[in-house]
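The structure file coords-v5.pdb is reproduced below (PDB, C-alpha atoms).
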ATOM      1  CA  MET A   1     -11.630  12.287   7.969
ATOM      2  CA  GLY A   2      -9.414  10.879   5.223
ATOM      3  CA  TYR A   3      -5.735  10.864   4.378
ATOM      4  CA  LYS A   4      -3.370  13.373   2.868
ATOM      5  CA  VAL A   5      -1.569  11.372   0.181
ATOM      6  CA  VAL A   6       1.458  12.197  -1.947
ATOM      7  CA  VAL A   7       2.351  10.340  -5.159
ATOM      8  CA  VAL A   8       6.043  10.824  -5.951
ATOM      9  CA  GLY A   9       6.966  10.187  -9.585
ATOM     10  CA  ALA A  10       3.427  10.886 -10.750
ATOM     11  CA  THR A  11       4.308  11.260 -14.445
ATOM     12  CA  GLY A  12       5.839   7.783 -14.812
ATOM     13  CA  ASN A  13       4.041   4.547 -15.704
ATOM     14  CA  VAL A  14       3.796   3.345 -12.106
ATOM     15  CA  GLY A  15       3.000   6.774 -10.655
ATOM     16  CA  LYS A  16       0.095   7.200 -13.070
ATOM     17  CA  GLU A  17      -1.189   3.751 -12.126
ATOM     18  CA  MET A  18      -0.960   4.642  -8.438
ATOM     19  CA  LEU A  19      -3.211   7.642  -9.047
ATOM     20  CA  ASN A  20      -5.633   5.528 -11.100
ATOM     21  CA  ILE A  21      -5.849   2.796  -8.465
ATOM     22  CA  LEU A  22      -6.245   5.211  -5.548
ATOM     23  CA  ALA A  23      -9.276   6.604  -7.407
ATOM     24  CA  GLU A  24     -10.642   3.214  -8.538
ATOM     25  CA  ARG A  25     -10.479   1.702  -5.057
ATOM     26  CA  GLU A  26     -11.885   4.881  -3.509
ATOM     27  CA  PHE A  27      -9.028   5.198  -1.061
ATOM     28  CA  PRO A  28     -10.156   7.774   1.537
ATOM     29  CA  VAL A  29      -8.190  10.768   0.276
ATOM     30  CA  ASP A  30      -8.820  14.210   1.782
ATOM     31  CA  GLU A  31      -5.999  15.844  -0.126
ATOM     32  CA  ILE A  32      -3.628  14.594  -2.811
ATOM     33  CA  ALA A  33      -0.396  15.930  -4.289
ATOM     34  CA  ALA A  34       1.352  14.708  -7.443
ATOM     35  CA  LEU A  35       5.105  15.271  -7.376
ATOM     36  CA  ALA A  36       7.672  15.071 -10.149
ATOM     37  CA  SER A  37      11.142  16.303 -11.006
ATOM     38  CA  ARG A  38      11.585  19.889 -12.176
ATOM     39  CA  LYS A  39      11.720  18.887 -15.837
ATOM     40  CA  SER A  40       8.127  17.600 -15.501
ATOM     41  CA  LEU A  41       6.914  20.456 -13.311
ATOM     42  CA  GLY A  42       3.356  21.485 -14.138
ATOM     43  CA  THR A  43       2.608  18.371 -16.185
ATOM     44  CA  GLU A  44      -1.038  17.388 -15.797
ATOM     45  CA  VAL A  45      -1.990  13.937 -14.513
ATOM     46  CA  SER A  46      -5.388  12.363 -13.856
ATOM     47  CA  PHE A  47      -6.837  11.381 -10.502
ATOM     48  CA  GLY A  48     -10.324  10.014 -11.075
ATOM     49  CA  ASP A  49     -12.296  12.815 -12.702
ATOM     50  CA  ARG A  50      -9.841  15.430 -11.458
ATOM     51  CA  THR A  51      -6.742  16.800 -13.139
ATOM     52  CA  LEU A  52      -3.690  17.504 -11.004
ATOM     53  CA  LYS A  53      -0.667  19.613 -11.848
ATOM     54  CA  THR A  54       2.612  18.148 -10.701
ATOM     55  CA  GLN A  55       4.535  19.958  -7.988
ATOM     56  CA  ASP A  56       8.290  20.145  -7.449
ATOM     57  CA  LEU A  57       9.603  17.191  -5.468
ATOM     58  CA  ASP A  58      12.765  19.094  -4.590
ATOM     59  CA  THR A  59      10.982  21.815  -2.597
ATOM     60  CA  PHE A  60       7.950  19.893  -1.314
ATOM     61  CA  ASP A  61       7.326  19.870   2.436
ATOM     62  CA  PHE A  62       5.960  16.472   3.603
ATOM     63  CA  THR A  63       5.033  17.798   7.060
ATOM     64  CA  GLY A  64       1.358  17.093   7.779
ATOM     65  CA  TRP A  65       1.007  14.521   4.988
ATOM     66  CA  ASP A  66       0.097  10.961   6.000
ATOM     67  CA  ILE A  67       1.308   8.642   3.231
ATOM     68  CA  ALA A  68       3.736   9.056   0.326
ATOM     69  CA  LEU A  69       3.724   6.502  -2.489
ATOM     70  CA  PHE A  70       7.172   6.612  -4.111
ATOM     71  CA  ALA A  71       7.621   5.560  -7.755
ATOM     72  CA  ILE A  72      11.064   6.935  -8.577
ATOM     73  CA  GLY A  73      14.445   5.252  -8.913
ATOM     74  CA  SER A  74      16.634   4.211  -6.006
ATOM     75  CA  ASP A  75      19.042   7.155  -6.369
ATOM     76  CA  ALA A  76      16.315   9.758  -5.980
ATOM     77  CA  THR A  77      14.528   7.700  -3.323
ATOM     78  CA  LYS A  78      17.717   7.685  -1.248
ATOM     79  CA  VAL A  79      17.486  11.494  -1.114
ATOM     80  CA  TYR A  80      13.764  12.104  -0.698
ATOM     81  CA  ALA A  81      12.348   9.107   1.198
ATOM     82  CA  PRO A  82      14.307   9.800   4.421
ATOM     83  CA  LYS A  83      13.254  13.450   4.152
ATOM     84  CA  ALA A  84       9.559  12.501   3.922
ATOM     85  CA  ALA A  85       9.881   9.912   6.684
ATOM     86  CA  SER A  86      11.643  12.363   9.026
ATOM     87  CA  GLN A  87       8.820  14.860   8.469
ATOM     88  CA  GLY A  88       6.257  12.327   9.733
ATOM     89  CA  CYS A  89       4.963  10.993   6.406
ATOM     90  CA  VAL A  90       4.936   7.184   5.996
ATOM     91  CA  VAL A  91       6.778   6.228   2.803
ATOM     92  CA  ILE A  92       5.664   3.245   0.703
ATOM     93  CA  ASP A  93       8.558   2.793  -1.691
ATOM     94  CA  ASN A  94       8.432   0.970  -5.020
ATOM     95  CA  SER A  95      12.194   1.030  -5.666
ATOM     96  CA  SER A  96      14.608  -1.718  -4.598
ATOM     97  CA  LEU A  97      16.453   0.583  -2.171
ATOM     98  CA  TYR A  98      14.923  -0.577   1.118
ATOM     99  CA  ARG A  99      13.713  -4.089   0.306
ATOM    100  CA  TYR A 100      16.616  -5.865   1.969
ATOM    101  CA  ASP A 101      16.919  -3.640   5.045
ATOM    102  CA  PRO A 102      16.038  -5.897   8.021
ATOM    103  CA  ASP A 103      14.429  -2.958   9.832
ATOM    104  CA  ILE A 104      12.045  -2.157   6.966
ATOM    105  CA  PRO A 105       9.051  -4.408   6.252
ATOM    106  CA  LEU A 106       8.683  -5.797   2.719
ATOM    107  CA  ILE A 107       4.967  -6.302   2.235
ATOM    108  CA  VAL A 108       2.582  -8.201  -0.016
ATOM    109  CA  PRO A 109      -0.744  -7.779   1.826
ATOM    110  CA  GLU A 110      -2.138 -11.207   0.876
ATOM    111  CA  VAL A 111       1.006 -12.824   2.311
ATOM    112  CA  ASN A 112       2.439 -10.897   5.280
ATOM    113  CA  ALA A 113       0.098  -8.008   6.138
ATOM    114  CA  ASP A 114       0.881  -8.404   9.858
ATOM    115  CA  ASP A 115       4.407  -7.086   9.232
ATOM    116  CA  VAL A 116       3.031  -3.649   8.346
ATOM    117  CA  VAL A 117       3.206  -2.582  12.003
ATOM    118  CA  ARG A 118       6.994  -2.570  11.648
ATOM    119  CA  TYR A 119       6.743   0.623   9.568
ATOM    120  CA  LYS A 120       7.407   2.469  12.832
ATOM    121  CA  ASN A 121      11.075   1.416  12.724
ATOM    122  CA  LYS A 122      11.921   3.975  10.037
ATOM    123  CA  ASN A 123       8.528   5.264   8.803
ATOM    124  CA  ILE A 124       9.195   3.362   5.550
ATOM    125  CA  ILE A 125       7.592   0.280   3.960
ATOM    126  CA  ALA A 126       9.097  -1.446   0.921
ATOM    127  CA  ASN A 127       7.143  -2.697  -2.083
ATOM    128  CA  PRO A 128       8.619  -5.883  -3.614
ATOM    129  CA  ASN A 129       9.903  -6.551  -7.100
ATOM    130  CA  CYS A 130       7.092  -7.049  -9.624
ATOM    131  CA  SER A 131       7.996 -10.650 -10.444
ATOM    132  CA  THR A 132       8.234 -11.590  -6.764
ATOM    133  CA  ALA A 133       4.907 -10.001  -5.799
ATOM    134  CA  GLN A 134       2.727 -12.096  -8.084
ATOM    135  CA  MET A 135       4.634 -15.300  -7.341
ATOM    136  CA  VAL A 136       4.312 -15.126  -3.553
ATOM    137  CA  VAL A 137       0.572 -14.392  -3.832
ATOM    138  CA  ALA A 138       0.224 -17.761  -5.589
ATOM    139  CA  LEU A 139       2.690 -19.591  -3.321
ATOM    140  CA  LYS A 140       1.378 -18.456   0.080
ATOM    141  CA  PRO A 141      -1.831 -20.555   0.300
ATOM    142  CA  LEU A 142      -0.013 -23.629  -1.032
ATOM    143  CA  HIS A 143       2.820 -23.125   1.473
ATOM    144  CA  ASP A 144       0.293 -22.924   4.312
ATOM    145  CA  ARG A 145      -1.102 -26.307   3.295
ATOM    146  CA  ALA A 146       1.956 -28.397   2.357
ATOM    147  CA  ARG A 147       5.131 -26.376   3.202
ATOM    148  CA  ILE A 148       7.233 -25.462   0.186
ATOM    149  CA  LYS A 149      10.814 -26.758   0.088
ATOM    150  CA  ARG A 150      11.995 -25.447  -3.273
ATOM    151  CA  VAL A 151      10.817 -23.240  -6.127
ATOM    152  CA  VAL A 152      12.206 -23.173  -9.674
ATOM    153  CA  VAL A 153      10.818 -20.252 -11.660
ATOM    154  CA  ALA A 154      11.329 -18.952 -15.191
ATOM    155  CA  THR A 155       9.870 -15.515 -15.860
ATOM    156  CA  TYR A 156       8.571 -13.937 -19.070
ATOM    157  CA  GLN A 157       8.671 -10.248 -18.190
ATOM    158  CA  SER A 158       7.147  -7.424 -20.220
ATOM    159  CA  VAL A 159       9.045  -4.331 -21.316
ATOM    160  CA  SER A 160       6.917  -1.980 -19.190
ATOM    161  CA  GLY A 161       8.941  -3.288 -16.256
ATOM    162  CA  THR A 162      11.835  -1.255 -17.652
ATOM    163  CA  GLY A 163       9.773   1.860 -18.369
ATOM    164  CA  LYS A 164       8.306   3.988 -21.142
ATOM    165  CA  GLU A 165      11.516   4.149 -23.195
ATOM    166  CA  ALA A 166      11.575   0.352 -23.358
ATOM    167  CA  MET A 167       7.945   0.258 -24.503
ATOM    168  CA  ASP A 168       8.807   2.786 -27.201
ATOM    169  CA  GLU A 169      11.817   0.712 -28.250
ATOM    170  CA  LEU A 170       9.692  -2.414 -28.688
ATOM    171  CA  TRP A 171       7.099  -0.461 -30.680
ATOM    172  CA  ASN A 172       9.623   1.276 -32.922
ATOM    173  CA  GLN A 173      11.732  -1.833 -33.526
ATOM    174  CA  THR A 174       8.624  -3.817 -34.462
ATOM    175  CA  LYS A 175       7.555  -1.170 -36.977
ATOM    176  CA  GLY A 176      11.108  -0.795 -38.271
ATOM    177  CA  ILE A 177      11.376  -4.466 -39.175
ATOM    178  CA  PHE A 178       8.603  -4.023 -41.746
ATOM    179  CA  VAL A 179       9.706  -0.642 -43.121
ATOM    180  CA  PRO A 180      13.096  -0.668 -44.905
ATOM    181  CA  GLY A 181      15.276   2.180 -43.739
ATOM    182  CA  GLN A 182      13.436   2.595 -40.407
ATOM    183  CA  GLU A 183      15.242  -0.128 -38.492
ATOM    184  CA  VAL A 184      15.876   0.752 -34.844
ATOM    185  CA  ALA A 185      19.055  -0.370 -33.097
ATOM    186  CA  PRO A 186      18.893  -1.484 -29.442
ATOM    187  CA  LYS A 187      19.440   1.310 -26.910
ATOM    188  CA  VAL A 188      17.448   0.398 -23.807
ATOM    189  CA  TYR A 189      18.265  -3.308 -24.092
ATOM    190  CA  PRO A 190      21.574  -4.947 -25.051
ATOM    191  CA  LYS A 191      19.906  -6.825 -27.908
ATOM    192  CA  GLN A 192      16.865  -6.403 -30.146
ATOM    193  CA  ILE A 193      13.669  -6.986 -28.147
ATOM    194  CA  ALA A 194      11.192  -7.077 -31.056
ATOM    195  CA  PHE A 195      10.498 -10.704 -32.071
ATOM    196  CA  ASN A 196      13.118 -11.837 -29.572
ATOM    197  CA  VAL A 197      13.607 -12.838 -25.930
ATOM    198  CA  ILE A 198      16.497 -11.668 -23.752
ATOM    199  CA  PRO A 199      17.647 -13.809 -20.786
ATOM    200  CA  HIS A 200      19.047 -10.800 -18.960
ATOM    201  CA  ILE A 201      17.247  -8.454 -16.547
ATOM    202  CA  ASP A 202      19.270  -6.016 -14.412
ATOM    203  CA  VAL A 203      23.035  -6.411 -13.966
ATOM    204  CA  PHE A 204      25.061  -9.619 -13.828
ATOM    205  CA  LEU A 205      26.488 -10.697 -10.468
ATOM    206  CA  ASP A 206      29.680 -12.660  -9.804
ATOM    207  CA  SER A 207      27.595 -15.794  -9.249
ATOM    208  CA  GLY A 208      26.414 -15.690 -12.873
ATOM    209  CA  GLU A 209      22.833 -14.839 -11.932
ATOM    210  CA  THR A 210      21.360 -11.441 -12.681
ATOM    211  CA  LYS A 211      20.258  -9.071  -9.939
ATOM    212  CA  GLU A 212      16.611  -9.623 -10.920
ATOM    213  CA  GLU A 213      17.059 -13.327 -10.276
ATOM    214  CA  TRP A 214      18.781 -12.602  -6.958
ATOM    215  CA  LYS A 215      15.916 -10.271  -5.989
ATOM    216  CA  MET A 216      13.339 -13.017  -6.473
ATOM    217  CA  VAL A 217      15.317 -15.330  -4.205
ATOM    218  CA  ALA A 218      15.986 -12.789  -1.432
ATOM    219  CA  GLU A 219      12.502 -11.275  -1.466
ATOM    220  CA  THR A 220      10.641 -14.592  -1.444
ATOM    221  CA  LYS A 221      12.633 -15.612   1.609
ATOM    222  CA  LYS A 222      11.938 -12.306   3.389
ATOM    223  CA  ILE A 223       8.229 -12.158   2.554
ATOM    224  CA  LEU A 224       7.207 -15.806   2.709
ATOM    225  CA  ASP A 225       9.732 -18.065   4.476
ATOM    226  CA  PRO A 226      13.544 -17.929   4.776
ATOM    227  CA  LYS A 227      13.725 -21.731   4.581
ATOM    228  CA  ILE A 228      12.381 -21.922   1.016
ATOM    229  CA  LYS A 229      15.035 -22.562  -1.633
ATOM    230  CA  VAL A 230      14.465 -20.509  -4.796
ATOM    231  CA  THR A 231      16.211 -20.481  -8.146
ATOM    232  CA  ALA A 232      15.129 -18.171 -10.950
ATOM    233  CA  THR A 233      15.817 -17.430 -14.609
ATOM    234  CA  CYS A 234      14.432 -14.019 -15.576
ATOM    235  CA  VAL A 235      13.722 -13.277 -19.237
ATOM    236  CA  ARG A 236      12.518 -10.131 -21.016
ATOM    237  CA  VAL A 237       9.930 -10.817 -23.733
ATOM    238  CA  PRO A 238       8.333  -8.626 -26.440
ATOM    239  CA  VAL A 239       5.123  -7.973 -24.481
ATOM    240  CA  PHE A 240       4.089  -4.455 -23.490
ATOM    241  CA  VAL A 241       2.381  -5.143 -20.141
ATOM    242  CA  GLY A 242       2.004  -8.276 -18.033
ATOM    243  CA  HIS A 243       4.556 -10.597 -16.478
ATOM    244  CA  SER A 244       4.236 -14.380 -16.778
ATOM    245  CA  GLU A 245       5.965 -17.092 -14.784
ATOM    246  CA  ALA A 246       6.370 -20.846 -15.141
ATOM    247  CA  ILE A 247       6.698 -22.066 -11.545
ATOM    248  CA  ASN A 248       7.803 -25.509 -10.394
ATOM    249  CA  ILE A 249       7.186 -26.183  -6.689
ATOM    250  CA  GLU A 250       8.501 -28.980  -4.477
ATOM    251  CA  PHE A 251       6.631 -29.512  -1.197
ATOM    252  CA  GLU A 252       7.428 -31.301   2.054
ATOM    253  CA  GLU A 253       4.044 -33.064   1.848
ATOM    254  CA  PHE A 254       2.126 -34.437  -1.117
ATOM    255  CA  LEU A 255      -0.393 -31.999  -2.585
ATOM    256  CA  ASP A 256      -2.753 -33.207  -5.282
ATOM    257  CA  TRP A 257      -3.260 -30.792  -8.187
ATOM    258  CA  GLU A 258      -7.024 -30.833  -7.680
ATOM    259  CA  GLU A 259      -6.709 -29.838  -4.033
ATOM    260  CA  ALA A 260      -4.161 -27.192  -5.017
ATOM    261  CA  THR A 261      -6.664 -25.821  -7.522
ATOM    262  CA  ASP A 262      -9.370 -25.644  -4.856
ATOM    263  CA  ILE A 263      -6.984 -23.889  -2.459
ATOM    264  CA  LEU A 264      -5.990 -21.320  -5.070
ATOM    265  CA  ARG A 265      -9.632 -20.659  -6.025
ATOM    266  CA  GLU A 266     -10.257 -19.570  -2.426
ATOM    267  CA  ALA A 267      -7.005 -17.625  -2.012
ATOM    268  CA  PRO A 268      -7.100 -13.817  -1.689
ATOM    269  CA  GLY A 269      -5.868 -12.000  -4.775
ATOM    270  CA  VAL A 270      -5.817 -15.143  -6.944
ATOM    271  CA  LEU A 271      -8.042 -16.021  -9.897
ATOM    272  CA  VAL A 272      -7.787 -19.535 -11.331
ATOM    273  CA  VAL A 273      -8.443 -19.976 -15.059
ATOM    274  CA  ASP A 274      -7.559 -23.561 -15.894
ATOM    275  CA  LYS A 275      -9.765 -25.538 -18.282
ATOM    276  CA  ARG A 276      -7.187 -27.893 -19.831
ATOM    277  CA  GLU A 277      -8.325 -27.036 -23.332
ATOM    278  CA  ALA A 278      -7.264 -24.673 -26.093
ATOM    279  CA  GLY A 279      -7.524 -21.142 -24.718
ATOM    280  CA  GLY A 280      -8.406 -22.359 -21.223
ATOM    281  CA  TYR A 281      -5.576 -20.380 -19.586
ATOM    282  CA  ILE A 282      -4.573 -16.764 -19.074
ATOM    283  CA  THR A 283      -2.040 -14.835 -21.154
ATOM    284  CA  PRO A 284      -0.574 -11.381 -20.446
ATOM    285  CA  ILE A 285      -2.940  -9.546 -22.792
ATOM    286  CA  GLU A 286      -5.939 -10.655 -20.725
ATOM    287  CA  CYS A 287      -4.490  -9.515 -17.400
ATOM    288  CA  VAL A 288      -3.807  -5.899 -18.377
ATOM    289  CA  GLY A 289      -5.728  -3.492 -16.158
ATOM    290  CA  GLU A 290      -6.805  -6.262 -13.770
ATOM    291  CA  TYR A 291      -6.102  -6.554 -10.045
ATOM    292  CA  ALA A 292      -5.807 -10.337  -9.796
ATOM    293  CA  THR A 293      -2.859 -12.675  -9.955
ATOM    294  CA  TYR A 294      -4.020 -15.332 -12.426
ATOM    295  CA  VAL A 295      -3.038 -18.986 -12.156
ATOM    296  CA  SER A 296      -3.401 -21.577 -14.935
ATOM    297  CA  ARG A 297      -1.867 -24.916 -16.015
ATOM    298  CA  ILE A 298      -1.939 -26.429 -12.507
ATOM    299  CA  ARG A 299      -0.598 -29.971 -12.777
ATOM    300  CA  GLN A 300       1.407 -32.633 -10.977
ATOM    301  CA  ASP A 301       5.172 -32.864 -11.546
ATOM    302  CA  SER A 302       5.743 -36.613 -11.740
ATOM    303  CA  THR A 303       9.550 -36.266 -11.774
ATOM    304  CA  ILE A 304       9.721 -35.494  -8.032
ATOM    305  CA  GLU A 305       7.884 -36.908  -5.032
ATOM    306  CA  ASN A 306       5.818 -33.873  -4.040
ATOM    307  CA  GLY A 307       5.786 -31.511  -7.012
ATOM    308  CA  LEU A 308       3.441 -29.180  -8.838
ATOM    309  CA  ASN A 309       3.757 -26.965 -11.898
ATOM    310  CA  LEU A 310       1.718 -23.838 -12.542
ATOM    311  CA  TRP A 311       1.552 -20.788 -14.799
ATOM    312  CA  CYS A 312       1.177 -17.389 -13.140
ATOM    313  CA  VAL A 313       0.301 -14.105 -14.906
ATOM    314  CA  SER A 314      -0.303 -10.582 -13.592
ATOM    315  CA  ASP A 315      -0.297  -6.942 -14.666
ATOM    316  CA  ASN A 316       3.175  -5.875 -13.508
ATOM    317  CA  LEU A 317       2.213  -2.194 -13.333
ATOM    318  CA  ARG A 318      -0.657  -3.088 -11.012
ATOM    319  CA  LYS A 319      -0.084  -6.051  -8.677
ATOM    320  CA  GLY A 320       3.618  -5.885  -9.431
ATOM    321  CA  ALA A 321       3.853  -2.234  -8.418
ATOM    322  CA  ALA A 322       1.051   0.328  -8.060
ATOM    323  CA  LEU A 323      -1.770  -1.917  -6.823
ATOM    324  CA  ASN A 324       0.403  -3.565  -4.195
ATOM    325  CA  ALA A 325       1.529  -0.127  -2.956
ATOM    326  CA  VAL A 326      -2.080   1.059  -2.614
ATOM    327  CA  GLN A 327      -3.032  -2.213  -0.884
ATOM    328  CA  ILE A 328      -0.197  -1.589   1.585
ATOM    329  CA  ALA A 329      -1.608   1.902   2.177
ATOM    330  CA  GLU A 330      -5.034   0.349   2.834
ATOM    331  CA  VAL A 331      -3.610  -2.096   5.375
ATOM    332  CA  LEU A 332      -1.539   0.660   6.983
ATOM    333  CA  GLY A 333      -4.636   2.833   7.295
ATOM    334  CA  ASN A 334      -6.916   0.103   8.636
ATOM    335  CA  ARG A 335      -4.453  -1.361  11.140
ATOM    336  CA  CYS A 336      -2.246   1.520  12.183
ATOM    337  CA  LEU A 337      -3.209   5.050  11.137
ATOM    338  CA  LYS A 338      -6.976   4.492  11.491
ATOM    339  CA  LYS A 339      -8.351   7.473   9.580
ATOM    340  CA  GLY A 340     -10.942   7.547   6.819
TER
END

For the file at hand, write its structure as structure tokens.
Amino acid sequence: MGYKVVVVGATGNVGKEMLNILAEREFPVDEIAALASRKSLGTEVSFGDRTLKTQDLDTFDFTGWDIALFAIGSDATKVYAPKAASQGCVVIDNSSLYRYDPDIPLIVPEVNADDVVRYKNKNIIANPNCSTAQMVVALKPLHDRARIKRVVVATYQSVSGTGKEAMDELWNQTKGIFVPGQEVAPKVYPKQIAFNVIPHIDVFLDSGETKEEWKMVAETKKILDPKIKVTATCVRVPVFVGHSEAINIEFEEFLDWEEATDILREAPGVLVVDKREAGGYITPIECVGEYATYVSRIRQDSTIENGLNLWCVSDNLRKGAALNAVQIAEVLGNRCLKKG
């Protein structure tokens, strides 16, 4: 006996990936429903070798369904997630709405899978921000060994993190630069993204940091350890899919880069590619469609007593969103719901 699964926001980038990954990982699905807003009603989406027609989120009854994977914005989630949860369906939400609620677990299965039992508080589990998810997968095994004091991270985040319109804007601006008269002005982003980088993701806060930067700080503390100090600079780059991060880590104890490499090679969800030669590292293009969080450029930071630097790359639509949500569903099923 398998699960009755709902994918909410099935026509978006993340929703489509959720359907793909459920099929790829052979999640034990007895019945599946793809939901979308009324403007997308009847749109066809793929689930393995099957084609599903989207149903109306507004009128859908979640009673009798086991798990709902939500991939819609916070405003819509605020309306529909409590409805699904109250009807007995466990919500795994990809928006930022519930991440900072102390009663709702924020889960990265390789890091804090034990917290999944707390879903019973509100029948909701939160999926973290894409840039946080890949970082904590890399940090967790190192933290277990040498206790992390402080993390300084600079991100290089792809446009798919914003959505399809942003991907279109990058594509059209790039073409427009080479075709006189077809230049495309910025609409999704405040400045041109083609052949440029923008040190601004989400809104600015009074502190001067952006909300994306604040999210990385708050979520790392909630998922991994509240004692860790984190500072982030989040940057949008002209890459379609795949987030990259340059991470500087200060530990309480000394950790040699070679031991760190060995630890990361054995860590769940991590793949080390680090040859210290031209091309001996991972770039975003190579991570697209992959499950792993890739780590390269592992090296000592000689400017502090117990420091390491590393480069971390992952498919933000997968580990940063859809894959992590499906992994949460797997843990929830194995540890709590016990069907399939």

Please provide the set of residues having any atom within 10 Å of stretch 328-337 of chain A, restricted to all atoms listed in the file, with same-chain residues fewer than 6 positions apart removed, written as an MDAnalysis selection string. chainID A and resid 2:3 5 22 25 27:28 66:69 90:92 106:110 113:114 116:117 119:120 125:127 322

Could you list, as an MDAnalysis selection string, every residue within 12 Å of A:Glu258, counting only C-alpha atoms and ignoring same-chain residues fewer than 3 positions away? chainID A and resid 254:255 261:265 272 274 297:300 308

Here is a test: counting only C-alpha atoms, which residue of A:Glu26, A:Glu286, A:Asp56, A:Glu169 is nearest to A:Lys39? A:Asp56

Using all atoms listed in the file, find the one residue out of A:Val14, A:Ala218, A:Val295, A:Ile228 that sits nearest to A:Arg150. A:Ile228

At a cut-off of 9 Å, using only C-alpha atoms, what residues contact A:Pro284? Leave out same-chain residues fewer than 4 positions from it and give the result as a list in words. Ser158, Val239, Phe240, Val241, Gly242, His243, Ser244, Val288, Val313, Ser314 and Asp315 of chain A

Rebuild N, CA and C atoms on stretch 96-109 of chain A, as a PDB file, in the coordinates of the input?
ATOM      1  N   SER A  96      13.961  -0.590  -5.287  1.00  0.00           N
ATOM      2  CA  SER A  96      14.608  -1.718  -4.598  1.00  0.00           C
ATOM      3  C   SER A  96      15.445  -1.277  -3.400  1.00  0.00           C
ATOM      4  N   LEU A  97      15.503   0.034  -3.135  1.00  0.00           N
ATOM      5  CA  LEU A  97      16.453   0.583  -2.171  1.00  0.00           C
ATOM      6  C   LEU A  97      16.342  -0.026  -0.775  1.00  0.00           C
ATOM      7  N   TYR A  98      15.118  -0.176  -0.280  1.00  0.00           N
ATOM      8  CA  TYR A  98      14.923  -0.577   1.118  1.00  0.00           C
ATOM      9  C   TYR A  98      14.450  -2.017   1.289  1.00  0.00           C
ATOM     10  N   ARG A  99      14.324  -2.765   0.206  1.00  0.00           N
ATOM     11  CA  ARG A  99      13.713  -4.089   0.306  1.00  0.00           C
ATOM     12  C   ARG A  99      14.492  -5.055   1.198  1.00  0.00           C
ATOM     13  N   TYR A 100      15.790  -4.882   1.273  1.00  0.00           N
ATOM     14  CA  TYR A 100      16.616  -5.865   1.969  1.00  0.00           C
ATOM     15  C   TYR A 100      17.116  -5.347   3.314  1.00  0.00           C
ATOM     16  N   ASP A 101      16.610  -4.196   3.733  1.00  0.00           N
ATOM     17  CA  ASP A 101      16.919  -3.640   5.045  1.00  0.00           C
ATOM     18  C   ASP A 101      16.116  -4.421   6.087  1.00  0.00           C
ATOM     19  N   PRO A 102      16.772  -5.078   7.050  1.00  0.00           N
ATOM     20  CA  PRO A 102      16.038  -5.897   8.021  1.00  0.00           C
ATOM     21  C   PRO A 102      15.085  -5.098   8.908  1.00  0.00           C
ATOM     22  N   ASP A 103      15.304  -3.789   9.002  1.00  0.00           N
ATOM     23  CA  ASP A 103      14.429  -2.958   9.832  1.00  0.00           C
ATOM     24  C   ASP A 103      13.210  -2.428   9.087  1.00  0.00           C
ATOM     25  N   ILE A 104      13.152  -2.680   7.772  1.00  0.00           N
ATOM     26  CA  ILE A 104      12.045  -2.157   6.966  1.00  0.00           C
ATOM     27  C   ILE A 104      11.209  -3.316   6.444  1.00  0.00           C
ATOM     28  N   PRO A 105       9.897  -3.308   6.719  1.00  0.00           N
ATOM     29  CA  PRO A 105       9.051  -4.408   6.252  1.00  0.00           C
ATOM     30  C   PRO A 105       8.888  -4.393   4.733  1.00  0.00           C
ATOM     31  N   LEU A 106       8.904  -5.590   4.154  1.00  0.00           N
ATOM     32  CA  LEU A 106       8.683  -5.797   2.719  1.00  0.00           C
ATOM     33  C   LEU A 106       7.345  -6.516   2.611  1.00  0.00           C
ATOM     34  N   ILE A 107       6.349  -5.848   2.052  1.00  0.00           N
ATOM     35  CA  ILE A 107       4.967  -6.302   2.235  1.00  0.00           C
ATOM     36  C   ILE A 107       4.274  -6.680   0.930  1.00  0.00           C
ATOM     37  N   VAL A 108       3.621  -7.835   0.936  1.00  0.00           N
ATOM     38  CA  VAL A 108       2.582  -8.201  -0.016  1.00  0.00           C
ATOM     39  C   VAL A 108       1.359  -8.508   0.848  1.00  0.00           C
ATOM     40  N   PRO A 109       0.329  -7.666   0.840  1.00  0.00           N
ATOM     41  CA  PRO A 109      -0.744  -7.779   1.826  1.00  0.00           C
ATOM     42  C   PRO A 109      -1.414  -9.154   1.927  1.00  0.00           C
TER      43      PRO A 109
END
